[in-house]
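Listing of upload36.txt; format and content: compact mmCIF, C-alpha atoms.
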# COMPACT_ATOMS: atom_id res chain seq x y z
CA ALA A 235 -67.75 -61.94 201.84
CA ASN A 236 -67.61 -59.18 199.23
CA GLU A 237 -64.39 -57.85 200.77
CA LEU A 238 -62.86 -61.33 200.62
CA ILE A 239 -63.89 -61.74 196.99
CA SER A 240 -62.36 -58.36 196.12
CA ILE A 241 -59.07 -59.28 197.81
CA THR A 242 -59.06 -62.68 196.10
CA GLN A 243 -59.67 -61.16 192.68
CA THR A 244 -56.89 -58.61 193.09
CA SER A 245 -54.45 -61.23 194.38
CA PHE A 246 -55.23 -63.66 191.57
CA ILE A 247 -54.78 -61.05 188.82
CA LEU A 248 -51.49 -59.94 190.42
CA ALA A 249 -50.37 -63.57 190.49
CA LEU A 250 -51.11 -63.92 186.77
CA CYS A 251 -49.17 -60.73 185.99
CA THR A 252 -46.26 -61.93 188.11
CA LEU A 253 -46.20 -65.29 186.33
CA GLY A 254 -46.22 -63.56 182.94
CA ILE A 255 -43.32 -61.28 183.84
CA LEU A 256 -41.25 -64.07 185.41
CA ALA A 257 -41.85 -66.32 182.39
CA ALA A 258 -40.02 -63.72 180.28
CA VAL A 259 -37.32 -62.71 182.75
CA LEU A 260 -36.28 -66.02 184.32
CA PRO A 261 -34.90 -67.71 181.16
CA ILE A 262 -32.57 -64.72 180.60
CA PHE A 263 -31.12 -64.95 184.12
CA THR A 264 -31.19 -68.74 184.32
CA PHE A 265 -29.16 -69.31 181.17
CA LYS A 266 -27.11 -66.13 181.37
CA PHE A 267 -24.03 -68.28 182.03
CA SER A 268 -24.19 -69.60 178.45
CA HIS A 269 -23.84 -66.04 177.11
CA THR A 270 -20.72 -64.94 178.98
CA LYS A 271 -17.24 -66.30 178.34
CA LYS A 272 -16.42 -65.84 182.01
CA HIS A 273 -18.97 -68.47 183.09
CA VAL A 274 -19.72 -70.70 180.11
CA ASP A 275 -16.42 -72.61 180.24
CA THR A 276 -16.84 -73.21 183.95
CA PHE A 277 -20.35 -74.58 183.65
CA PHE A 278 -19.59 -76.70 180.59
CA ALA A 279 -16.47 -78.08 182.31
CA ILE A 280 -18.52 -79.45 185.22
CA PRO A 281 -18.48 -83.26 185.04
CA ILE A 282 -22.20 -83.54 184.49
CA ASN A 283 -24.17 -84.57 181.48
CA ARG A 284 -25.46 -81.65 179.36
CA ASN A 285 -28.91 -83.20 179.53
CA HIS A 286 -28.95 -83.13 183.35
CA LEU A 287 -27.41 -79.64 183.40
CA PHE A 288 -30.25 -78.36 181.22
CA LYS A 289 -32.99 -80.10 183.20
CA SER A 290 -31.75 -78.77 186.52
CA HIS A 291 -31.57 -75.20 185.23
CA PHE A 292 -34.89 -75.48 183.40
CA ILE A 293 -36.98 -77.01 186.19
CA ALA A 294 -35.59 -75.12 189.20
CA PRO A 295 -37.07 -71.68 188.27
CA ILE A 296 -40.47 -73.25 187.55
CA LEU A 297 -40.59 -74.93 190.96
CA GLY A 298 -39.14 -71.85 192.65
CA THR A 299 -41.94 -69.73 191.21
CA CYS A 300 -44.98 -72.00 191.39
CA ILE A 301 -44.46 -73.70 194.77
CA PRO A 302 -44.39 -70.48 196.88
CA ILE A 303 -47.53 -69.18 195.14
CA LEU A 304 -49.29 -72.53 195.62
CA VAL A 305 -48.28 -72.81 199.29
CA ASN A 306 -49.40 -69.22 199.89
CA TYR A 307 -52.79 -70.03 198.36
CA LEU A 308 -53.24 -73.28 200.28
CA LEU A 309 -52.28 -71.75 203.63
CA GLY A 310 -54.37 -68.64 202.98
CA GLY A 311 -57.35 -70.79 202.10
CA ILE A 312 -57.01 -72.86 205.27
CA ILE A 313 -56.80 -69.72 207.42
CA VAL A 314 -59.90 -68.25 205.77
CA VAL A 315 -61.84 -71.48 206.22
CA LEU A 316 -60.84 -71.75 209.90
CA PHE A 317 -61.69 -68.16 210.82
CA ARG A 318 -64.63 -67.47 208.48
CA GLY A 319 -66.05 -70.94 208.03
CA ASP A 320 -66.05 -70.78 204.24
CA PHE A 321 -63.98 -69.78 201.24
CA VAL A 322 -65.91 -69.03 198.09
CA ASN A 323 -64.84 -71.20 195.13
CA TYR A 324 -61.78 -72.60 196.92
CA PHE A 325 -61.27 -75.63 194.68
CA GLU A 326 -62.37 -73.84 191.51
CA LEU A 327 -59.77 -71.15 192.13
CA LEU A 328 -57.14 -73.80 192.87
CA PHE A 329 -57.92 -75.40 189.50
CA LEU A 330 -57.48 -72.08 187.68
CA LEU A 331 -54.23 -71.47 189.54
CA LEU A 332 -52.89 -74.82 188.37
CA LEU A 333 -53.90 -73.92 184.81
CA ALA A 334 -52.00 -70.65 185.21
CA PHE A 335 -48.91 -72.65 186.23
CA VAL A 336 -49.24 -74.65 183.02
CA ILE A 337 -49.36 -71.49 180.91
CA PHE A 338 -46.40 -70.12 182.86
CA ALA A 339 -44.38 -73.27 182.10
CA VAL A 340 -45.37 -73.04 178.41
CA VAL A 341 -44.31 -69.39 178.03
CA TYR A 342 -41.16 -70.06 180.06
CA SER A 343 -40.32 -72.98 177.75
CA ILE A 344 -40.79 -70.89 174.59
CA ASN A 345 -38.70 -68.02 175.94
CA THR A 346 -36.00 -70.47 177.02
CA TYR A 347 -35.67 -71.74 173.45
CA PHE A 348 -35.25 -68.25 172.02
CA VAL A 349 -32.84 -67.22 174.79
CA LEU A 350 -30.69 -70.28 174.10
CA SER A 351 -30.76 -69.46 170.38
CA THR A 352 -28.92 -66.19 171.08
CA ASN A 353 -25.23 -65.74 171.84
CA ASN A 354 -25.22 -62.78 174.23
CA VAL A 355 -27.35 -61.27 176.99
CA LEU A 356 -28.42 -58.17 175.05
CA ASP A 357 -29.75 -60.25 172.16
CA SER A 358 -31.61 -62.52 174.58
CA VAL A 359 -33.42 -59.48 176.01
CA ILE A 360 -34.25 -58.05 172.56
CA ILE A 361 -35.47 -61.36 171.15
CA THR A 362 -37.57 -62.07 174.25
CA ALA A 363 -39.30 -58.73 173.74
CA GLY A 364 -39.55 -59.38 170.00
CA ILE A 365 -41.52 -62.61 170.34
CA VAL A 366 -44.19 -60.58 172.14
CA VAL A 367 -44.24 -57.48 169.92
CA ILE A 368 -43.90 -59.13 166.48
CA PRO A 369 -47.04 -61.34 166.79
CA LEU A 370 -49.07 -58.26 167.78
CA ILE A 371 -47.82 -56.29 164.77
CA PHE A 372 -48.32 -59.26 162.45
CA SER A 373 -51.89 -59.92 163.62
CA SER A 374 -52.78 -56.25 163.17
CA ALA A 375 -51.25 -56.25 159.68
CA VAL A 376 -53.15 -59.37 158.62
CA SER A 377 -56.39 -57.97 160.03
CA ILE A 378 -56.00 -54.67 158.16
CA PHE A 379 -54.99 -56.50 154.98
CA MET A 380 -58.06 -58.77 155.17
CA GLU A 381 -60.36 -55.83 155.83
CA SER A 382 -58.97 -54.04 152.78
CA GLN A 383 -59.40 -57.10 150.58
CA ILE A 384 -62.69 -58.67 151.66
CA VAL A 385 -65.79 -57.02 150.27
CA ARG A 386 -67.40 -54.56 152.65
CA THR A 387 -70.90 -54.24 151.23
CA GLY A 388 -72.70 -55.00 154.47
CA MET A 389 -73.88 -58.33 153.05
CA VAL A 390 -71.23 -60.34 154.90
CA GLU A 391 -69.48 -59.93 158.22
CA ILE A 392 -65.68 -59.79 158.21
CA TYR A 393 -64.40 -62.53 160.47
CA PRO A 394 -62.47 -61.15 163.46
CA ILE A 395 -59.21 -62.97 162.76
CA THR A 396 -56.98 -60.71 164.83
CA ASP A 397 -57.86 -62.34 168.14
CA GLU A 398 -57.40 -65.82 166.72
CA ILE A 399 -53.96 -65.02 165.30
CA ILE A 400 -52.85 -63.50 168.60
CA LYS A 401 -54.03 -66.58 170.49
CA LEU A 402 -52.13 -68.87 168.12
CA LEU A 403 -48.90 -66.87 167.97
CA LEU A 404 -48.79 -65.38 171.48
CA PRO A 405 -49.20 -67.96 174.29
CA TYR A 406 -49.21 -65.08 176.80
CA THR A 407 -52.91 -64.80 175.92
CA GLY A 408 -53.35 -68.02 177.89
CA PHE A 409 -53.17 -65.84 181.01
CA VAL A 410 -55.97 -63.71 179.55
CA LEU A 411 -58.13 -66.80 178.98
CA ILE A 412 -57.61 -67.84 182.60
CA ALA A 413 -58.38 -64.30 183.82
CA ASP A 414 -61.64 -64.38 181.82
CA ALA A 415 -62.56 -67.75 183.36
CA PHE A 416 -61.75 -66.31 186.78
CA GLU A 417 -64.03 -63.30 186.27
CA ASN A 418 -66.83 -65.56 185.00
CA MET A 419 -66.38 -67.81 188.02
CA TYR A 420 -67.34 -65.02 190.40
CA ALA A 421 -70.03 -63.70 188.09
CA PHE A 422 -71.77 -67.09 187.93
CA ILE A 423 -70.63 -68.48 191.33
CA SER A 424 -68.84 -71.45 189.73
CA ILE A 425 -66.55 -72.18 186.78
CA ASP A 426 -68.19 -72.51 183.39
CA PHE A 427 -66.02 -75.34 182.10
CA GLU A 428 -67.64 -75.16 178.68
CA GLY A 429 -66.75 -71.46 178.50
CA ILE A 430 -63.02 -72.16 178.87
CA GLU A 431 -61.34 -72.30 175.48
CA TRP A 432 -59.86 -75.77 175.93
CA PHE A 433 -58.58 -75.94 172.37
CA TYR A 434 -56.08 -73.16 173.06
CA ILE A 435 -55.17 -74.54 176.50
CA LEU A 436 -54.32 -77.91 174.93
CA TYR A 437 -52.58 -76.15 172.03
CA TYR A 438 -50.38 -74.20 174.46
CA PHE A 439 -49.63 -77.39 176.39
CA ALA A 440 -48.48 -79.16 173.21
CA LEU A 441 -46.49 -76.06 172.25
CA GLY A 442 -44.77 -76.06 175.64
CA ILE A 443 -43.72 -79.69 175.31
CA ALA A 444 -42.39 -79.10 171.77
CA PHE A 445 -40.34 -76.06 172.84
CA TYR A 446 -39.01 -77.91 175.87
CA TYR A 447 -37.41 -80.51 173.62
CA LEU A 448 -36.23 -77.83 171.19
CA SER A 449 -34.64 -75.96 174.09
CA LYS A 450 -32.90 -79.08 175.33
CA LYS A 451 -31.62 -79.87 171.84
CA THR A 452 -30.36 -76.29 171.38
CA PHE A 453 -28.62 -76.30 174.77
CA LYS A 454 -26.87 -79.62 174.10
CA LYS A 455 -25.51 -78.26 170.79
CA LYS A 456 -24.52 -74.87 172.18
CA LYS A 457 -20.80 -74.08 171.87
CA GLY A 458 -18.92 -72.14 174.51
CA GLU A 459 -16.85 -70.23 171.96
CA ASN A 460 -20.02 -68.57 170.61
CA ALA A 461 -20.62 -66.74 173.89
CA GLU A 462 -20.65 -62.94 173.54
CA GLN A 463 -20.60 -63.26 169.74
CA LEU A 464 -23.20 -61.96 167.28
CA THR A 465 -26.40 -63.97 167.15
CA THR A 466 -26.83 -65.63 163.76
CA SER A 467 -29.60 -68.19 164.34
CA PHE A 468 -32.39 -67.85 161.77
CA VAL A 469 -35.14 -68.00 164.43
CA THR A 470 -33.84 -64.81 166.03
CA TYR A 471 -33.09 -61.62 164.10
CA PRO A 472 -33.51 -62.88 160.50
CA LEU A 473 -36.96 -64.33 161.17
CA MET A 474 -38.21 -61.44 163.27
CA ILE A 475 -36.87 -58.73 160.96
CA ASN A 476 -38.46 -60.35 157.92
CA VAL A 477 -41.82 -61.00 159.61
CA GLY A 478 -41.81 -57.52 161.12
CA SER A 479 -40.93 -55.89 157.79
CA VAL A 480 -43.65 -57.78 155.92
CA SER A 481 -46.14 -56.79 158.62
CA LEU A 482 -45.22 -53.11 158.41
CA VAL A 483 -45.44 -53.12 154.60
CA LEU A 484 -48.92 -54.67 154.86
CA LEU A 485 -49.91 -52.10 157.48
CA PHE A 486 -48.82 -49.22 155.24
CA ASN A 487 -50.21 -50.28 151.87
CA ILE A 488 -48.51 -47.87 149.46
CA THR A 489 -50.62 -49.09 146.52
CA GLN A 490 -53.50 -47.04 147.96
CA MET A 491 -51.47 -43.87 148.66
CA ASP A 492 -50.58 -40.85 146.59
CA PHE A 493 -47.01 -40.62 145.31
CA ILE A 494 -45.55 -38.27 147.96
CA THR A 495 -47.11 -40.16 150.87
CA ALA A 496 -45.93 -43.47 149.43
CA VAL A 497 -42.35 -42.17 149.13
CA LEU A 498 -42.37 -40.90 152.73
CA VAL A 499 -43.71 -44.24 153.98
CA LEU A 500 -41.09 -46.16 151.99
CA VAL A 501 -38.31 -44.02 153.45
CA ALA A 502 -39.64 -44.57 156.98
CA LEU A 503 -39.89 -48.33 156.42
CA PHE A 504 -36.37 -48.43 154.98
CA VAL A 505 -34.97 -46.54 157.98
CA ALA A 506 -36.72 -48.95 160.37
CA TYR A 507 -35.36 -51.89 158.37
CA ILE A 508 -31.79 -50.53 158.48
CA ILE A 509 -32.02 -49.86 162.23
CA ALA A 510 -33.17 -53.43 162.83
CA GLN A 511 -30.30 -54.76 160.73
CA ALA A 512 -27.87 -52.50 162.59
CA ILE A 513 -29.02 -53.87 165.94
CA ALA A 514 -28.63 -57.43 164.66
CA ASN A 515 -25.18 -56.84 163.13
CA ARG A 516 -23.95 -54.24 165.66
CA SER A 517 -22.95 -52.11 162.71
CA MET A 518 -24.46 -49.21 160.77
CA THR A 519 -22.72 -50.29 157.58
CA LEU A 520 -25.11 -50.25 154.64
CA ASN A 521 -24.44 -52.75 151.87
CA VAL A 522 -26.05 -53.52 148.51
CA LYS A 523 -27.47 -56.81 149.72
CA MET A 524 -29.57 -55.04 152.38
CA VAL A 525 -30.96 -52.55 149.86
CA LEU A 526 -31.79 -55.25 147.31
CA ARG A 527 -33.42 -57.40 149.98
CA PHE A 528 -35.61 -54.48 151.09
CA ILE A 529 -36.58 -53.63 147.49
CA ALA A 530 -37.47 -57.27 146.83
CA LEU A 531 -39.59 -57.35 149.98
CA ILE A 532 -41.46 -54.19 148.96
CA ILE A 533 -42.09 -55.51 145.43
CA VAL A 534 -43.25 -58.96 146.57
CA VAL A 535 -45.58 -57.79 149.35
CA ASN A 536 -47.15 -54.91 147.42
CA GLY A 537 -47.32 -57.05 144.29
CA PHE A 538 -49.23 -59.68 146.24
CA ASN A 539 -51.47 -56.94 147.64
CA TYR A 540 -52.17 -55.51 144.18
CA ILE A 541 -52.87 -58.89 142.57
CA SER A 542 -55.16 -59.81 145.46
CA LYS A 543 -57.13 -56.63 144.97
CA GLN A 544 -57.42 -57.06 141.21
CA THR A 545 -58.60 -60.67 141.49
CA GLU A 546 -61.16 -59.90 144.21
CA PHE A 547 -59.07 -61.60 146.88
CA PHE A 548 -58.18 -64.48 144.52
CA GLY A 549 -61.85 -65.13 143.80
CA ILE A 550 -62.86 -65.55 147.43
CA ASN A 551 -65.09 -62.49 147.38
CA ARG A 552 -67.14 -64.01 144.58
CA GLN A 553 -67.60 -67.15 146.63
CA VAL A 554 -68.47 -65.30 149.82
CA ILE A 555 -71.40 -63.46 148.26
CA ASP A 556 -73.93 -65.18 146.04
CA TYR A 557 -74.73 -62.24 143.80
CA THR A 558 -77.66 -64.10 142.23
CA LYS A 559 -79.55 -63.61 145.50
CA TYR A 560 -79.52 -59.85 144.88
CA ASP A 561 -80.33 -59.75 141.17
CA PHE A 562 -83.57 -57.90 142.00
CA VAL A 563 -81.49 -54.74 142.59
CA GLU A 564 -81.63 -52.74 139.35
CA THR A 565 -79.59 -49.64 140.18
CA ARG A 566 -78.32 -47.35 142.90
CA ARG A 567 -79.24 -43.70 143.11
CA GLY A 568 -78.40 -40.92 145.52
CA LEU A 569 -76.21 -37.99 146.44
CA GLY A 570 -73.64 -37.95 149.22
CA LEU A 571 -74.96 -39.77 152.26
CA MET A 572 -78.45 -40.01 150.75
CA GLN A 573 -78.33 -43.32 148.89
CA GLY A 574 -81.08 -45.60 147.60
CA LEU A 575 -81.66 -48.79 145.67
CA VAL A 576 -84.21 -49.38 142.93
CA CYS A 577 -85.57 -52.94 143.10
CA ASN A 578 -87.83 -54.90 140.79
CA LYS A 579 -89.81 -56.45 143.66
CA PRO A 580 -91.61 -55.11 146.75
CA VAL A 581 -89.18 -54.11 149.47
CA GLY A 582 -91.59 -54.20 152.44
CA PRO A 583 -90.45 -57.62 153.74
CA ILE A 584 -86.79 -56.57 153.41
CA LEU A 585 -87.42 -53.40 155.43
CA ASN A 586 -89.17 -55.40 158.15
CA ASP A 587 -86.26 -57.88 158.37
CA CYS A 588 -83.79 -55.00 158.62
CA LEU A 589 -85.86 -53.31 161.34
CA GLU A 590 -85.94 -56.52 163.38
CA ASN A 591 -82.14 -56.57 163.25
CA GLY A 592 -81.78 -52.93 164.31
CA LEU A 593 -81.30 -51.33 160.86
CA ILE A 594 -83.75 -48.57 159.98
CA LEU A 595 -84.39 -48.00 156.26
CA ILE A 596 -86.96 -45.80 154.53
CA ASN A 597 -88.78 -46.72 151.33
CA ALA A 598 -89.77 -44.11 148.75
CA GLY A 599 -92.17 -46.43 146.96
CA ALA A 600 -93.16 -50.04 146.68
CA ASN A 601 -89.94 -50.98 144.92
CA ASN A 602 -87.61 -48.27 146.20
CA LYS A 603 -85.64 -47.97 149.42
What do you get writing this file as structure tokens?
Amino acid sequence: ANELISITQTSFILALCTLGILAAVLPIFTFKFSHTKKHVDTFFAIPINRNHLFKSHFIAPILGTCIPILVNYLLGGIIVVLFRGDFVNYFELLFLLLLAFVIFAVVYSINTYFVLSTNNVLDSVIITAGIVVIPLIFSSAVSIFMESQIVRTGMVEIYPITDEIIKLLLPYTGFVLIADAFENMYAFISIDFEGIEWFYILYYFALGIAFYYLSKKTFKKKKGENAEQLTTSFVTYPLMINVGSVSLVLLFNITQMDFITAVLVLVALFVAYIIAQAIANRSMTLNVKMVLRFIALIIVVNGFNYISKQTEFFGINRQVIDYTKYDFVETRRGLGLMQGLVCNKPVGPILNDCLENGLILINAGANNK
């Protein structure tokens, strides 16, 4: 039984990885004909409605991927039941597999929209990779920005927003949610339905439907003469370069650096910005508009960062901590890592509360700690 469970776990995780990879790759190959002049005229000249042409190309890869995996699972389960007499969590695993197919269709739908928004194969590959990398960079930047802005006195816990942002912006994490449910299923013998994050599953489902209709609309408006031309759609390079640049500027907050370090960071950011623009435009030509746009971005983002810091995160820090609750603290004394507080009330109960929560403090008197 343990050997069967081990094989099942490995196979299921491999299936999830395969679905994730195919969700990114298939849209590029499926709609490659719309990016090459050699094929686009032929396909668009076929006497078939654009709507039907899109549906046939969109649905076929989904069925071609999911049906073989499903049949393999069903047949494998029947064989195991016939020869071993049981198959641990057969229907629970089937349910998770169907959920994985939903996430696959969602990610496939989103990637299809971005692929159709490009005009050549190379851009479709770059943008497909970008919609995975940019959310990760953005979530890290927001997390670091929040940690630098929210008070860190130990009186409040900084909310872990990074994971939430990634879940909202990167539907690939749906596969991670299913993998977690799968691991919990074998840990607790059955699925913990309450432990599955249904909000995100439903959110991804709604997202998939929305991007399906966006993809169909984009395909119906796509012009054959744009094939193999530069990609100019706002949702591709312009959006990703701007979001990526803002994220990098937030990550490397020059307002907290010395002058030389800040200059080096600015030069590195400018080089990265120019390289991204060169990839988008297929040209290394540097113009005034690019430089002014980069300068404006630096001023706006760092200005926002500075104002946020000066206003205690726009007043939120004052609302997070009720300072009146700690008005018994008179002063702080200490040297280096040896720090203490002088209080105007006995600190024994406070020390006991801290000890119960795993924090060891030492008092130097009735009102000192």
request  = Using all atoms listed in the file, pick whichever of A:Thr565, A:Thr244, A:Thr252, A:Gln463 has the shortest atom-to-atom distance to A:Phe416.
outcome  = A:Thr244
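Checking A:Leu464, A:Ser374, A:Gln383, A:Asp561 one by one against A:Thr545, counting all atoms listed in the file, you find the shortest gap at A:Gln383.
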query = atom CA of A:Ala461 and atom CA of A:Thr270, how far apart in Å?
reply = 5.4 Å
query = Contacts of A:Thr264 at 12 Å or less, counting only C-alpha atoms, minus same-chain residues fewer than 2 places along, as a list in words?
reply = Leu256, Ala257, Ala258, Val259, Leu260, Pro261, Ile262, Lys266, Phe267, Ser268, His269, Leu287, Phe288, Lys289, Ser290, His291, Phe292, Ile293, Ala294, Pro295, Ile296, Gly298, Tyr342, Asn345, Thr346, Val349, Leu350, Val355 and Ser358 of chain A
key: Selection near A:Glu459, 9 Å with all atoms listed in the file, sequence-local residues under 2 positions removed, as number ranges by chain   = A: 271, 274-275, 456-457, 461-463
note = Using only C-alpha atoms, the shortest atom-to-atom distance to A:Ile361 among A:Ser373, A:Ser343, A:Asn285, A:Thr465 belongs to A:Thr465
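Counting from atom CA of A:Phe433, the distance to atom CA of A:Ile368 is 23.1 Å.
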key: Atom pair atom CA of A:Ala413 / atom CA of A:Ile247: separation (Å)   =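 Between these atoms lies a distance of 7.0 Å.
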message = Counting all atoms listed in the file, which residues have an atom no more than 9 Å from (-53.1, -49.7, 147.7) in the file's coordinates? Please list them as JSON, numbers by chain.
response = {"A": [382, 486, 487, 488, 489, 490, 491, 536, 539, 540, 543]}
task = Could you give me, as a list in words, the residues that have an atom at most 12 Å away from the point (-84.2, -51.1, 132.4) in the coordinates of the file, using only C-alpha atoms?
result = Phe562, Val563, Glu564, Thr565, Val576, Cys577 and Asn578 of chain A
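If you count all atoms listed in the file and ignore residues fewer than 5 places along the chain from A:Leu331, what sits within 10 Å of it is A:Phe246, A:Ala249, A:Leu250, A:Cys300, A:Ile303, A:Leu304, A:Tyr307, A:Phe325, A:Glu326, A:Val336, A:Ile337, A:Ile412, A:Phe416.
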Let's have the selection written as a CSV table (one decimal), in the coordinates of the input, with C-alpha atoms.
chain,number,residue,atom,x,y,z
A,246,PHE,CA,-55.2,-63.7,191.6
A,249,ALA,CA,-50.4,-63.6,190.5
A,250,LEU,CA,-51.1,-63.9,186.8
A,300,CYS,CA,-45.0,-72.0,191.4
A,303,ILE,CA,-47.5,-69.2,195.1
A,304,LEU,CA,-49.3,-72.5,195.6
A,307,TYR,CA,-52.8,-70.0,198.4
A,325,PHE,CA,-61.3,-75.6,194.7
A,326,GLU,CA,-62.4,-73.8,191.5
A,336,VAL,CA,-49.2,-74.6,183.0
A,337,ILE,CA,-49.4,-71.5,180.9
A,412,ILE,CA,-57.6,-67.8,182.6
A,416,PHE,CA,-61.8,-66.3,186.8
inquiry  = Show me, as a PyMOL selection string, the residues that have an atom within 10 Å of A:Leu441 when counting only C-alpha atoms, minus same-chain residues fewer than 3 positions from it.
reply    = chain A and resi 340-341+343-344+405+435-438+444-446
request  = Do a neighbour search on stretch 468-476 of chain A at 9 Å with only C-alpha atoms, toss out local chain neighbours closer than 3 positions, and write the hits as a list of chain:residue names.
outcome  = A:Phe348, A:Ser351, A:Thr352, A:Asp357, A:Ile361, A:Gly364, A:Ile365, A:Ile368, A:Thr465, A:Ser479, A:Val480, A:Ser481, A:Tyr507, A:Ala510, A:Gln511, A:Ile513, A:Ala514, A:Leu531
message = Considering only C-alpha atoms, can you say which of A:Gly254, A:Gly310, A:Gly592, A:Pro369 comes closest to A:Val477?
response =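 Closest candidate: A:Pro369.
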query = Which is closest to A:Ala512 among A:Ala440, A:Gly568, A:Pro302, A:Met524, if we use all atoms listed in the file?
reply =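 Counting all atoms listed in the file, the residue closest to A:Ala512 is A:Met524.
Here the question is which of A:Leu500, A:Ile596, A:Ile494, A:Leu484 gets nearest to A:Glu381 using all atoms listed in the file, and that residue is A:Leu484.
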